[in-house]
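Data file: structure_25.cif. Format and content: mmCIF, C-alpha atoms.
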```
data_coords
#
loop_
_atom_site.label_atom_id
_atom_site.label_comp_id
_atom_site.auth_asym_id
_atom_site.auth_seq_id
_atom_site.Cartn_x
_atom_site.Cartn_y
_atom_site.Cartn_z
CA MET J 1 135.37 52.70 99.66
CA THR J 2 137.20 55.85 98.51
CA LYS J 3 140.68 55.45 97.03
CA THR J 4 143.50 56.63 99.29
CA PHE J 5 145.61 58.38 96.64
CA ASP J 6 145.12 60.36 93.43
CA ILE J 7 145.42 59.00 89.89
CA ILE J 8 146.57 61.27 87.09
CA THR J 9 147.05 60.55 83.39
CA ASP J 10 147.47 62.16 79.97
CA THR J 11 145.01 62.79 77.16
CA CYS J 12 146.31 59.82 75.18
CA SER J 13 144.29 57.61 77.55
CA GLY J 14 141.33 58.51 75.36
CA MET J 15 138.38 58.16 77.75
CA PRO J 16 135.23 60.34 77.69
CA PRO J 17 135.48 63.49 79.87
CA GLU J 18 132.75 62.26 82.21
CA PHE J 19 134.87 59.19 83.09
CA TYR J 20 137.66 61.36 84.46
CA GLU J 21 135.21 63.65 86.24
CA GLU J 22 133.33 60.79 87.89
CA HIS J 23 136.51 59.21 89.26
CA GLY J 24 138.44 62.39 90.06
CA VAL J 25 141.26 61.62 87.61
CA ALA J 26 143.36 64.62 86.58
CA VAL J 27 144.28 64.67 82.87
CA LEU J 28 147.30 66.44 81.40
CA PRO J 29 147.09 67.39 77.72
CA LEU J 30 149.51 66.31 75.04
CA GLY J 31 149.35 68.76 72.16
CA TYR J 32 149.55 69.07 68.42
CA THR J 33 150.24 71.72 65.81
CA LEU J 34 147.86 71.70 62.86
CA ASP J 35 148.82 73.90 59.89
CA GLY J 36 150.88 76.07 62.24
CA VAL J 37 148.22 76.48 64.95
CA THR J 38 148.84 74.85 68.33
CA TYR J 39 146.11 72.92 70.15
CA GLY J 40 146.23 71.22 73.55
CA GLY J 41 149.43 71.40 75.59
CA ALA J 42 149.83 74.16 78.15
CA ASP J 43 148.41 77.08 76.19
CA GLY J 44 146.74 75.70 73.08
CA GLY J 45 143.06 75.82 72.32
CA SER J 46 140.81 72.96 71.33
CA MET J 47 139.19 71.78 68.12
CA PRO J 48 136.06 69.64 67.71
CA ILE J 49 137.25 66.11 67.08
CA ARG J 50 135.34 65.68 63.82
CA ASP J 51 136.82 68.92 62.51
CA PHE J 52 140.27 67.62 63.39
CA TYR J 53 139.80 64.46 61.33
CA GLN J 54 138.32 66.42 58.46
CA LYS J 55 141.44 68.62 58.43
CA LEU J 56 143.59 65.48 58.23
CA ARG J 57 141.52 64.22 55.30
CA GLU J 58 142.10 67.54 53.54
CA GLY J 59 145.87 67.13 53.89
CA ALA J 60 146.61 69.40 56.87
CA ASP J 61 150.15 69.21 58.22
CA CYS J 62 150.04 67.96 61.81
CA HIS J 63 152.78 67.43 64.40
CA THR J 64 152.41 66.26 68.00
CA PHE J 65 154.30 67.06 71.20
CA GLN J 66 154.54 65.52 74.64
CA VAL J 67 153.64 66.72 78.11
CA THR J 68 156.56 68.51 79.77
CA ALA J 69 157.80 68.12 83.34
CA GLU J 70 156.84 71.77 83.96
CA GLN J 71 153.24 70.95 83.04
CA VAL J 72 153.17 67.88 85.25
CA ARG J 73 154.61 69.48 88.40
CA PRO J 74 151.55 71.58 89.44
CA CYS J 75 149.23 68.60 89.10
CA ILE J 76 151.33 66.34 91.35
CA GLU J 77 152.05 69.18 93.76
CA LYS J 78 148.34 69.88 94.22
CA SER J 79 147.86 66.32 95.50
CA PHE J 80 150.94 66.54 97.69
CA ARG J 81 149.75 69.79 99.27
CA GLU J 82 146.46 68.09 100.09
CA GLY J 83 148.36 65.25 101.76
CA ARG J 84 147.73 62.66 99.06
CA ASP J 85 150.13 60.42 97.15
CA VAL J 86 149.94 60.00 93.37
CA LEU J 87 149.81 57.20 90.82
CA ALA J 88 150.47 58.48 87.28
CA VAL J 89 149.38 56.20 84.43
CA VAL J 90 150.98 57.36 81.20
CA PHE J 91 151.31 56.82 77.46
CA SER J 92 153.83 54.17 76.35
CA SER J 93 157.43 55.27 76.90
CA ALA J 94 158.34 53.42 73.68
CA LEU J 95 156.25 55.91 71.70
CA SER J 96 156.61 59.17 73.62
CA GLY J 97 158.80 60.99 76.13
CA THR J 98 155.75 61.79 78.26
CA ALA J 99 156.58 59.07 80.81
CA SER J 100 159.99 60.64 81.31
CA SER J 101 158.39 64.04 81.93
CA PHE J 102 156.16 62.56 84.63
CA SER J 103 159.13 60.81 86.25
CA VAL J 104 161.26 63.97 86.31
CA ALA J 105 158.44 65.98 87.88
CA ALA J 106 157.64 63.28 90.43
CA THR J 107 161.28 62.86 91.51
CA SER J 108 161.83 66.59 92.00
CA LEU J 109 158.63 67.03 94.01
CA VAL J 110 159.21 64.07 96.31
CA GLU J 111 162.42 65.76 97.43
CA SER J 112 160.40 68.86 98.38
CA TYR J 113 157.61 66.97 100.14
CA PRO J 114 159.15 64.39 102.50
CA GLY J 115 156.77 61.55 103.25
CA ARG J 116 154.83 61.88 100.01
CA LYS J 117 155.13 59.37 97.17
CA ALA J 118 154.48 59.52 93.41
CA LEU J 119 154.75 56.42 91.24
CA VAL J 120 154.73 56.50 87.43
CA LEU J 121 153.19 53.49 85.68
CA ASP J 122 154.16 53.16 82.02
CA SER J 123 151.00 51.74 80.43
CA MET J 124 152.98 50.27 77.50
CA GLY J 125 150.05 51.40 75.39
CA GLY J 126 147.81 54.29 74.55
CA SER J 127 144.35 55.45 73.58
CA MET J 128 141.57 53.53 75.30
CA GLY J 129 143.99 50.69 76.10
CA GLU J 130 145.62 53.08 78.54
CA GLY J 131 142.12 54.12 79.61
CA LEU J 132 141.08 50.50 80.18
CA LEU J 133 144.10 49.96 82.41
CA ILE J 134 143.07 53.04 84.42
CA GLU J 135 139.55 51.66 84.82
CA TYR J 136 140.91 48.45 86.34
CA LEU J 137 143.29 50.40 88.59
CA LEU J 138 140.50 52.65 89.80
CA LYS J 139 138.41 49.64 90.74
CA LYS J 140 141.34 48.18 92.65
CA ALA J 141 142.03 51.48 94.45
CA GLU J 142 138.37 52.06 95.26
CA GLU J 143 138.28 48.60 96.87
CA GLY J 144 140.88 49.91 99.33
CA ALA J 145 144.19 48.80 97.77
CA SER J 146 147.19 50.93 98.73
CA LEU J 147 149.27 52.91 96.26
CA ASP J 148 151.98 50.24 96.20
CA GLU J 149 149.44 47.42 95.82
CA THR J 150 147.66 49.20 92.97
CA TYR J 151 150.94 49.97 91.21
CA ALA J 152 152.07 46.33 91.45
CA TYR J 153 148.68 45.17 90.14
CA GLY J 154 149.00 47.57 87.20
CA GLU J 155 152.55 46.45 86.37
CA LYS J 156 151.28 42.90 86.00
CA LEU J 157 147.96 43.71 84.33
CA LYS J 158 149.33 46.06 81.66
CA ARG J 159 151.02 43.13 79.93
CA HIS J 160 147.57 41.59 79.45
CA ILE J 161 145.83 44.66 78.05
CA GLN J 162 145.57 43.92 74.35
CA HIS J 163 145.69 46.73 71.77
CA LEU J 164 144.58 45.62 68.29
CA PHE J 165 143.96 48.03 65.44
CA THR J 166 143.74 48.59 61.72
CA VAL J 167 144.07 51.73 59.61
CA ASP J 168 142.25 52.82 56.49
CA ASP J 169 144.98 54.96 54.92
CA LEU J 170 148.64 53.89 55.01
CA GLU J 171 149.78 57.45 54.32
CA PHE J 172 149.63 58.39 58.00
CA LEU J 173 151.77 55.43 59.09
CA LYS J 174 154.24 56.47 56.38
CA LYS J 175 154.36 60.05 57.69
CA GLY J 176 155.08 58.77 61.18
CA GLY J 177 157.91 56.58 59.92
CA ARG J 178 156.11 53.34 60.76
CA ILE J 179 156.26 52.06 57.17
CA SER J 180 158.36 52.99 54.15
CA PRO J 181 157.02 55.12 51.24
CA ALA J 182 157.33 52.12 48.93
CA VAL J 183 155.25 49.90 51.22
CA ALA J 184 152.63 52.65 51.50
CA VAL J 185 152.32 52.99 47.72
CA VAL J 186 152.04 49.25 47.09
CA GLY J 187 149.63 48.84 50.01
CA LYS J 188 147.39 51.59 48.70
CA LEU J 189 147.29 50.07 45.22
CA LEU J 190 146.40 46.64 46.58
CA LYS J 191 143.93 48.05 49.15
CA ILE J 192 145.88 46.44 51.98
CA LYS J 193 144.62 47.17 55.49
CA PRO J 194 147.25 46.10 58.03
CA LEU J 195 146.28 44.48 61.30
CA LEU J 196 148.60 45.74 64.06
CA HIS J 197 149.05 45.46 67.82
CA ALA J 198 150.94 46.84 70.80
CA THR J 199 153.95 44.60 71.45
CA PRO J 200 155.26 43.44 74.87
CA LYS J 201 157.66 46.41 74.75
CA GLY J 202 154.90 48.94 74.08
CA THR J 203 155.86 49.52 70.45
CA LEU J 204 153.62 48.94 67.43
CA GLY J 205 153.98 45.71 65.48
CA PRO J 206 152.31 43.99 62.51
CA ILE J 207 150.08 40.94 62.76
CA ALA J 208 148.76 40.50 59.23
CA LYS J 209 148.04 42.22 55.92
CA ILE J 210 144.38 42.07 54.96
CA VAL J 211 142.92 43.03 51.60
CA GLY J 212 139.85 45.23 51.98
CA ARG J 213 138.28 47.08 54.89
CA LYS J 214 135.42 44.63 55.46
CA ARG J 215 137.81 41.70 55.76
CA ALA J 216 140.08 43.74 58.03
CA LEU J 217 137.24 44.33 60.48
CA GLU J 218 136.38 40.63 60.52
CA ALA J 219 140.03 39.73 61.04
CA LEU J 220 140.30 42.24 63.88
CA ALA J 221 137.30 40.70 65.65
CA ASP J 222 138.66 37.17 65.11
CA GLU J 223 142.06 38.15 66.53
CA ALA J 224 140.35 39.68 69.55
CA LYS J 225 138.53 36.41 70.15
CA ARG J 226 141.79 34.48 69.88
CA ARG J 227 143.65 36.70 72.36
CA ALA J 228 140.91 37.48 74.89
CA GLU J 229 140.70 36.13 78.43
CA LEU J 230 137.63 37.89 79.77
CA GLU J 231 135.73 37.50 82.99
CA GLU J 232 131.98 38.07 82.97
CA ASP J 233 132.23 41.76 83.91
CA ASP J 234 135.28 42.65 81.81
CA PRO J 235 134.50 45.33 79.20
CA ILE J 236 135.79 45.81 75.67
CA PHE J 237 136.66 49.29 74.40
CA ILE J 238 136.55 50.48 70.78
CA ALA J 239 138.28 53.65 69.60
CA HIS J 240 137.86 55.11 66.13
CA GLY J 241 139.20 57.90 63.96
CA ASP J 242 135.91 59.42 62.84
CA CYS J 243 134.54 56.18 61.37
CA GLU J 244 131.60 55.63 63.70
CA GLU J 245 129.78 53.33 61.29
CA ASP J 246 132.75 50.94 61.29
CA ALA J 247 132.97 51.19 65.09
CA LEU J 248 129.32 50.16 65.38
CA ARG J 249 129.95 47.31 62.95
CA MET J 250 132.87 46.22 65.12
CA GLN J 251 130.59 46.33 68.15
CA GLU J 252 128.25 43.90 66.37
CA LEU J 253 131.12 41.59 65.45
CA LEU J 254 132.40 41.56 69.02
CA ARG J 255 128.94 40.90 70.47
CA GLU J 256 128.65 37.92 68.12
CA ARG J 257 131.90 36.56 69.57
CA PHE J 258 131.63 37.60 73.23
CA GLY J 259 127.90 37.78 73.92
CA GLN J 260 125.18 40.38 73.54
CA ASP J 261 125.45 41.54 77.17
CA ARG J 262 129.15 42.41 77.06
CA ARG J 263 129.79 46.04 78.01
CA ILE J 264 131.38 47.77 75.03
CA LEU J 265 132.41 51.43 75.19
CA ILE J 266 133.03 53.41 71.98
CA ASN J 267 134.94 56.69 71.77
CA TYR J 268 137.08 58.69 69.35
CA VAL J 269 140.83 58.21 69.07
CA ASP J 270 142.34 61.40 70.55
CA PRO J 271 144.09 63.83 68.16
CA VAL J 272 147.64 62.93 69.17
CA MET J 273 147.08 59.23 68.48
CA GLY J 274 144.87 60.08 65.51
CA THR J 275 147.63 62.09 63.87
CA HIS J 276 149.66 58.92 63.43
CA GLY J 277 146.81 56.52 62.63
CA GLY J 278 144.77 58.87 60.47
CA PRO J 279 141.05 59.03 59.75
CA GLY J 280 139.61 55.54 59.71
CA ILE J 281 141.85 54.06 62.38
CA LEU J 282 139.86 51.50 64.36
CA ALA J 283 141.15 49.91 67.56
CA VAL J 284 139.91 47.32 70.05
CA PHE J 285 141.15 47.00 73.66
CA PHE J 286 140.47 44.23 76.19
CA ARG J 287 142.00 42.03 78.86
CA GLY J 288 143.64 39.01 77.29
CA LYS J 289 146.54 36.63 77.23
CA LEU J 290 150.06 37.83 77.91
CA ARG J 291 151.12 40.02 74.99
CA GLU J 292 152.97 38.16 72.26
#
```

Write out the structure in this file as C-alpha cells.
Amino acid sequence: MTKTFDIITDTCSGMPPEFYEEHGVAVLPLGYTLDGVTYGGADGGSMPIRDFYQKLREGADCHTFQVTAEQVRPCIEKSFREGRDVLAVVFSSALSGTASSFSVAATSLVESYPGRKALVLDSMGGSMGEGLLIEYLLKKAEEGASLDETYAYGEKLKRHIQHLFTVDDLEFLKKGGRISPAVAVVGKLLKIKPLLHATPKGTLGPIAKIVGRKRALEALADEAKRRAELEEDDPIFIAHGDCEEDALRMQELLRERFGQDRRILINYVDPVMGTHGGPGILAVFFRGKLRE
C-alpha cells in the first residue's frame, strides 16, 4: 500500500541516498564551513566523505549550520501543491535549531493552504538513529496508517530508539563544548574512550569511561545488548566517522550478541554530525528499552 502523505527530513538522518530515493523521502541539507569554504546548505557544494574526514584529521577548522525556514518552505509547499500532507522527521531540537525552522515553515504554509497539514516530529536524536526512526515510520505509513497515526506512533517510538556511541579523539568533543579542555587533555593521556548516549531529552550524555579503543568497542556492544528489545525483523544500524574497519568489527560483535542473521546496515556519519564527533566516531542504533 502506498503512503498517503509525504515524509521529509534533513541530512543528519544519515541514510544512504538510495534509501531516500526508494521511499520518496525529500532531504534538506544542513551545511558546514570547512576552512572558509561552505558545503551543503542552500548553495554549498559537496565534498567526498573520506576527504572531509581527512581534512578534520589534518586540523581543518569546521563549523556547522542548520536548515533555515526559507529552505524548508519550498519542499513542504511542493507537497501541498500536489494535494499531499507532510510529516517532517528532524534532528534533535536539543542539539540544533533545525526543528524550529521546520515548524516555522510548516505553520506559515498551512495558513496559505487551508485543508493541508504538516506535522514536525522531533526525533530526539540524529545520524542513523534518526534514519532508523524514519524507516519504522515509512513501514507504518506504507501499511496505510494516516498522518496522525504515524506521527503518534513516532512520538512513542522515538523514546525507544537507542543511540550509543564512542569517539576516538576527545579533541572534537572539546571543540563542541561537550567536555572541558582539562578533561580532554587528561583523557588523551590516559587513552580514555568515552561511551555516550542520547538522553531522554535528546541531548548527549555519558555512560562510562573506557580505557582503550578495543575495550570501548566491546563495551559498546555489551551496552547495546543490555538496552535492546528487538523483534526478529528489527535491524541494527552502525554509523562511523571513516573507521570502516572498526565498524566491521562492531558488526561482528553485534552478530555474536544478536544472531548471525540480524540485518545490520553500515554507513558514514554525515559531515555535520562528524564535525562534532570527529574521525573515529562509532555509533550503534536500535530499538530498545525506554531511554534512561

Show me, as a CSV table (one decimal) with C-alpha atoms, in the coordinates of the input, the residues that have an atom within 12 Å of Ile207 (chain J) when counting all atoms listed in the file, minus same-chain residues fewer than 5 positions from it.
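The resulting selection_32.csv:
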```csv
chain,number,residue,atom,x,y,z
J,163,HIS,CA,145.7,46.7,71.8
J,164,LEU,CA,144.6,45.6,68.3
J,165,PHE,CA,144.0,48.0,65.4
J,166,THR,CA,143.7,48.6,61.7
J,193,LYS,CA,144.6,47.2,55.5
J,194,PRO,CA,147.2,46.1,58.0
J,195,LEU,CA,146.3,44.5,61.3
J,196,LEU,CA,148.6,45.7,64.1
J,197,HIS,CA,149.0,45.5,67.8
J,198,ALA,CA,150.9,46.8,70.8
J,199,THR,CA,154.0,44.6,71.4
J,216,ALA,CA,140.1,43.7,58.0
J,219,ALA,CA,140.0,39.7,61.0
J,220,LEU,CA,140.3,42.2,63.9
J,223,GLU,CA,142.1,38.2,66.5
J,224,ALA,CA,140.4,39.7,69.6
J,292,GLU,CA,153.0,38.2,72.3
```

(request) Between CA of Glu231 (chain J) and CA of Ala283 (chain J), measure the distance and give it in Å to one decimal. (result) 20.5 Å

(message) Taking 2 positions as the minimum chain separation for residues in the same chain, which residues sit within 7 Å of Ile238 (chain J) when counting all atoms listed in the file? Answer as a ChimeraX atom specification.
(response) /J:236,240,247,265-267,283-285

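You will find CA of Gln54 (chain J) at 21.0 Å from CA of Met15 (chain J).
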
(request) Please provide as number ranges by chain all residues within 12 Å of Gly97 (chain J), with the sequence filter that same-chain residues fewer than 4 positions apart are discarded (counting all atoms listed in the file). (result) J: 30, 64-69, 90-93, 101-104, 122

Would you output that residue set with C-alpha atoms, as a PDB file, keeping the file's coordinate frame?
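out32.pdb written:
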```pdb
ATOM      1  CA  LEU J  30     149.510  66.310  75.040  1.00  0.00           C
ATOM      2  CA  THR J  64     152.410  66.260  68.000  1.00  0.00           C
ATOM      3  CA  PHE J  65     154.300  67.060  71.200  1.00  0.00           C
ATOM      4  CA  GLN J  66     154.540  65.520  74.640  1.00  0.00           C
ATOM      5  CA  VAL J  67     153.640  66.720  78.110  1.00  0.00           C
ATOM      6  CA  THR J  68     156.560  68.510  79.770  1.00  0.00           C
ATOM      7  CA  ALA J  69     157.800  68.120  83.340  1.00  0.00           C
ATOM      8  CA  VAL J  90     150.980  57.360  81.200  1.00  0.00           C
ATOM      9  CA  PHE J  91     151.310  56.820  77.460  1.00  0.00           C
ATOM     10  CA  SER J  92     153.830  54.170  76.350  1.00  0.00           C
ATOM     11  CA  SER J  93     157.430  55.270  76.900  1.00  0.00           C
ATOM     12  CA  SER J 101     158.390  64.040  81.930  1.00  0.00           C
ATOM     13  CA  PHE J 102     156.160  62.560  84.630  1.00  0.00           C
ATOM     14  CA  SER J 103     159.130  60.810  86.250  1.00  0.00           C
ATOM     15  CA  VAL J 104     161.260  63.970  86.310  1.00  0.00           C
ATOM     16  CA  ASP J 122     154.160  53.160  82.020  1.00  0.00           C
TER      17      ASP J 122
END
```

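Compared by their closest atoms to Leu95 (chain J), and using only C-alpha atoms, the residues J:His23, J:Lys201, J:Arg255, J:His63 rank with J:Lys201 nearest.
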
(request) Please provide as a ChimeraX atom specification all residues within 12 Å of Ser108 (chain J), with the sequence filter that same-chain residues fewer than 5 positions apart are discarded (counting all atoms listed in the file). (result) /J:69-70,72-74,76-77,101-103,113-114,116-118

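With all atoms listed in the file as the atoms that count, the residue of J:Gly59, J:Gly241, J:Gly259, J:Gly40 with the shortest distance to Ser127 (chain J) is J:Gly241.
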
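Taking CA of Thr9 (chain J) and CA of Asp169 (chain J) as endpoints, the distance between them is 29.1 Å.
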
(message) Since I can't run it myself right now, could you work out what the PyMOL selection byres ((chain J and resi 249) around 12) selects here and report it as number ranges by chain?
(response) J: 213-214, 216-218, 220-221, 238, 240, 243-248, 250-256, 266, 282

Can you report as lines of an AutoDock Vina configuration file the centre and edge lengths in Å, to one decimal, of an axis-aligned box around the listed atoms of region 256-267 of chain J padded with 4 Å on each side?
```
center_x = 130.1
center_y = 46.6
center_z = 73.1
size_x = 17.8
size_y = 28.1
size_z = 17.9
```

(message) For the PyMOL selection byres ((chain J and resi 272) around 9), applied here, can you spell out every residue it catches as an MDAnalysis selection string?
(response) chainID J and resid 11:12 30:32 63:65 269:271 273:276

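Remark: for Leu204 (chain J), the closest of the candidate residues J:Ala94, J:Glu135, J:Lys140, J:Ser123 is J:Ala94 (distances computed over all atoms listed in the file).
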
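Using only C-alpha atoms for every distance, the candidate list J:Tyr53, J:Tyr151, J:Tyr39, J:Tyr268 yields J:Tyr151 as the residue closest to Leu133 (chain J).
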
(request) Give the answer as one residue: which of J:Glu142, J:Glu232, J:Asp168, J:Glu111 has the shortest atom-to-atom distance to Arg215 (chain J), using all atoms listed in the file? (result) J:Asp168

(request) Tell me, as a PyMOL selection string, which residues lie within 10 Å of Tyr136 (chain J), counting all atoms listed in the file; anything in the same chain fewer than 3 positions away does not count. (result) chain J and resi 131-133+139-142+150+153-154+157-158+234+287
